[in-house]
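Q: One structure, as structure tokens, below. Some questions next.
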Amino acid sequence: MRTLIIHAGATGYASDAVFQFQRYLLEAGDECLFRQLGETWDDDEALANAERFDLVVLSGGDYEVSRLLAAVADRGLTACVFPSGPINLFFASLGCAAEPFALAHACREGRTVSADLGKISWQDASGRSWRQSFSLMAGTGFDAELMRAGASNRHAMGQMAYFMAALSNPQPPVVRFTIELDDETIERDGIACLVANTAMIQGDIEIVPDCRLDDGLLDVIVLETPDAVGLLKPVLFGFLDPSGKNLGRPQIESFKAHHVRVRASKDVPMQVDGEPLDGEVRGFEARVVPSAVRLIVDTLSPYFTGTEAESEADRASLPRHP
């Protein structure tokens, strides 16, 4: 097997574990190229000659993985996501075992799922148009403000940085959002409007139920609470009911669509996959790209489509490692 490992992670879990993964992965006759990326990197350079490999491993946090996934999708490659950042929500959404040997075993087994990605476009204050792919969530309002406020502490504190930022801004502005969902237009008041390819946060909590990576749809999420304190109730419900199928999500309304246009009543901050943009925007447009990328999964993943017997056999084949 020929494998390209692209390592963009410098901190967080598995910043060294990826080297263990490489050792577990390789067998006699294999070829493996380990490509370490610097603080700044070019997509084409990162994936140079990637087509000659059977598998491309994307090692990094959510921002790095999302950026690499978009480049992999354009090339039609098979990828394995390895969690090497301070926050790895996309990997958590896949539901694979994070232990290096288990991921290496999954790569040798070669089970894959076709996952969606999102495309989002907007105009900045100068009128210049921008376009970007996203794998997790993007949106405007209080969510983006939290990303901006927590960015400086993200690598040291992980997800906790955003909770601290929320406590420092208990009264975010309420905005009127005009939302075009395919062929329907609605208006809602809230502190944030998001589009999600997958809506999982830490603790395996799903912001809204049934938000999947393979359904060919985006979830449009409106936080309708008038203040940050109001978010504590859906968070508490999330701890009690991670999937959201039993208790729901109070003060959160969601819709599904292939194509979404959002217009805010005032200029608001915006984030894409956790990265805040410079300046503010008045709105955005997003669409889903169904089955955009082929990803390795193991039998623990909710996207695994094999039989229970296969799942048990795969677990039994995994040796115990200290």
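Each chain of the structure tokens is named A, B, ... in the order shown, its residues numbered from 1; ligands are numbered from 1 in display order.
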What's the 12 Å shell around Ala125 (chain A), counting only C-alpha atoms, without same-chain residues fewer than 4 positions away, as a PDB file with C-alpha atoms, in the first residue's frame?
A:
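So around.pdb came out as:
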ATOM      1  CA  SER A 129     -16.494  38.207  -3.166  1.00  0.00           C
ATOM      2  CA  TRP A 130     -15.088  35.183  -1.335  1.00  0.00           C
ATOM      3  CA  ASP A 267     -23.414  43.734   9.754  1.00  0.00           C
ATOM      4  CA  VAL A 268     -22.325  40.729  11.825  1.00  0.00           C
ATOM      5  CA  PRO A 269     -19.138  38.686  12.348  1.00  0.00           C
ATOM      6  CA  LEU A 277     -13.133  36.237   9.315  1.00  0.00           C
ATOM      7  CA  ASP A 278     -11.676  39.715   9.415  1.00  0.00           C
ATOM      8  CA  GLY A 279     -14.377  42.352   9.441  1.00  0.00           C
ATOM      9  CA  GLU A 280     -18.117  41.759   9.251  1.00  0.00           C
ATOM     10  CA  VAL A 281     -20.638  40.693   6.611  1.00  0.00           C
ATOM     11  CA  ARG A 282     -24.307  41.303   5.866  1.00  0.00           C
ATOM     12  CA  GLY A 283     -25.035  37.728   4.762  1.00  0.00           C
TER      13      GLY A 283
END
Q: Can you tell me, as a ChimeraX atom specification, which residues in region 43-107 of chain A count as strand (DSSP E or B) by DSSP?
A: /A:55-60,78-83
Q: Excluding same-chain residues fewer than 6 positions from Phe90 (chain A), what lies within 9 Å of it counting only C-alpha atoms, as a list of chain:residue names?
A: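 Near neighbours after the sequence-gap exclusion: A:Gly61, A:Asp62, A:Val65, A:Ser66, A:Val81, A:Pro83, A:Ser135, A:Leu136, A:Thr198, A:Met200.
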Q: With C-alpha atoms retained, could you export that selection as a PDB file, in the first residue's frame?
A:
ATOM      1  CA  GLY A  61      -7.173  19.921  13.757  1.00  0.00           C
ATOM      2  CA  ASP A  62     -10.523  20.925  12.318  1.00  0.00           C
ATOM      3  CA  VAL A  65      -8.474  18.972   8.044  1.00  0.00           C
ATOM      4  CA  SER A  66     -11.325  20.965   6.500  1.00  0.00           C
ATOM      5  CA  VAL A  81      -8.665  11.804   9.031  1.00  0.00           C
ATOM      6  CA  PRO A  83      -7.008  13.910  14.956  1.00  0.00           C
ATOM      7  CA  SER A 135     -16.730  20.419   6.566  1.00  0.00           C
ATOM      8  CA  LEU A 136     -18.339  21.352   9.897  1.00  0.00           C
ATOM      9  CA  THR A 198     -22.350  18.124  10.815  1.00  0.00           C
ATOM     10  CA  MET A 200     -21.498  17.881  16.793  1.00  0.00           C
TER      11      MET A 200
END
Q: Using only C-alpha atoms, which residue out of A:Leu33, A:Ala138, A:Val262, A:Ala98 lies closest to Ser84 (chain A)?
A: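 Answer, going by the shortest atom-to-atom distance: A:Ala98.
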Q: Go through A:Arg52, A:Arg261, A:Arg111, A:Arg67 and flag the residue nearest Met1 (chain A), using only C-alpha atoms for the distances.
A: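 The closest residue to Met1 (chain A) is A:Arg52.
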Q: With only C-alpha atoms as the counted atoms, please give the residues lying no more than 7 Å from Cys80 (chain A), apart from itself and same-chain residues fewer than 3 positions off, as a PyMOL selection string.
A: chain A and resi 56-58+295-296
Q: Could you dump the residues just selected with C-alpha atoms as an mmCIF file, in the first residue's frame?
A:
data_model
loop_
_atom_site.group_PDB
_atom_site.id
_atom_site.type_symbol
_atom_site.label_atom_id
_atom_site.label_comp_id
_atom_site.auth_asym_id
_atom_site.auth_seq_id
_atom_site.Cartn_x
_atom_site.Cartn_y
_atom_site.Cartn_z
ATOM 1 C CA VAL A 56 -3.921 10.150 1.909
ATOM 2 C CA VAL A 57 -3.902 10.650 5.690
ATOM 3 C CA LEU A 58 -4.924 14.139 6.834
ATOM 4 C CA LEU A 295 -13.232 8.733 3.881
ATOM 5 C CA ILE A 296 -11.937 5.751 5.823
#
Q: Return as a ChimeraX atom specification the full set of residues in region 66-202 of chain A whose backbone-based DSSP assignment is helix (DSSP H, G or I).
A: /A:66-75,89-94,100-109,142-157,160-168
Q: So what do you get for CA of Val293 (chain A) versus CA of Val272 (chain A), distance-wise?
A: 18.6 Å
Q: In terms of the shortest atom-to-atom distance over only C-alpha atoms, which of A:Ala79, A:Leu26, A:Cys32, A:Ala71 is closest to Glu45 (chain A)?
A: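 Result for the nearest residue to Glu45 (chain A): A:Ala71.
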Q: Please compute the CA of His7 (chain A)-CA of Phe34 (chain A) distance, one decimal, in Å.
A: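 If I compute the distance from CA of His7 (chain A) to CA of Phe34 (chain A), I get 7.4 Å.
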Q: Using only C-alpha atoms for the distances, tell me which of A:Ala97, A:Ala115, A:Leu217, A:Ala102 is nearest to Ala70 (chain A).
A: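 Smallest distance to Ala70 (chain A) is found for A:Ala115.
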Q: Please provide as a list in words all residues within 9 Å of Ile179 (chain A), with the sequence filter that same-chain residues fewer than 4 positions apart are discarded (counting only C-alpha atoms).
A: Glu184, Thr185, Ile186, Glu187, Arg188, Val220, Val260, Arg261, Val262, Arg263 and Ala264 of chain A
Q: Can I get the selected residues back with C-alpha atoms, as a CSV table (one decimal), in the first residue's frame?
A:
chain,number,residue,atom,x,y,z
A,184,GLU,CA,-39.0,28.9,0.8
A,185,THR,CA,-38.2,32.1,2.6
A,186,ILE,CA,-38.5,32.6,6.4
A,187,GLU,CA,-37.5,35.3,8.9
A,188,ARG,CA,-36.3,34.7,12.4
A,220,VAL,CA,-29.7,25.6,9.0
A,260,VAL,CA,-29.3,28.5,1.6
A,261,ARG,CA,-29.2,32.3,1.4
A,262,VAL,CA,-29.0,34.2,4.7
A,263,ARG,CA,-29.3,38.0,5.0
A,264,ALA,CA,-28.8,39.8,8.4
Q: Can you work out which one of A:Thr112, A:Ser291, A:Gln22, A:Thr140 has the shortest atom-to-atom distance to Ile191 (chain A), counting only C-alpha atoms?
A: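 Smallest distance to Ile191 (chain A) is found for A:Thr140.
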Q: Leaving out Asp183 (chain A) and any residue of its chain fewer than 3 positions from it, which residues lie within 10 Å of it when counting only C-alpha atoms, given as a PyMOL selection string?
A: chain A and resi 180+257+259-260
Q: Could you take the residues named above and write them with C-alpha atoms, as a short mmCIF file (atom, residue, chain, number, x, y, z; two decimals), in the first residue's frame?
A:
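Contents of the output file part10.cif:
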data_model
loop_
_atom_site.label_atom_id
_atom_site.label_comp_id
_atom_site.auth_asym_id
_atom_site.auth_seq_id
_atom_site.Cartn_x
_atom_site.Cartn_y
_atom_site.Cartn_z
CA GLU A 180 -34.01 31.43 1.86
CA ALA A 257 -31.98 22.52 2.66
CA HIS A 259 -29.14 25.65 -0.95
CA VAL A 260 -29.34 28.48 1.60
#
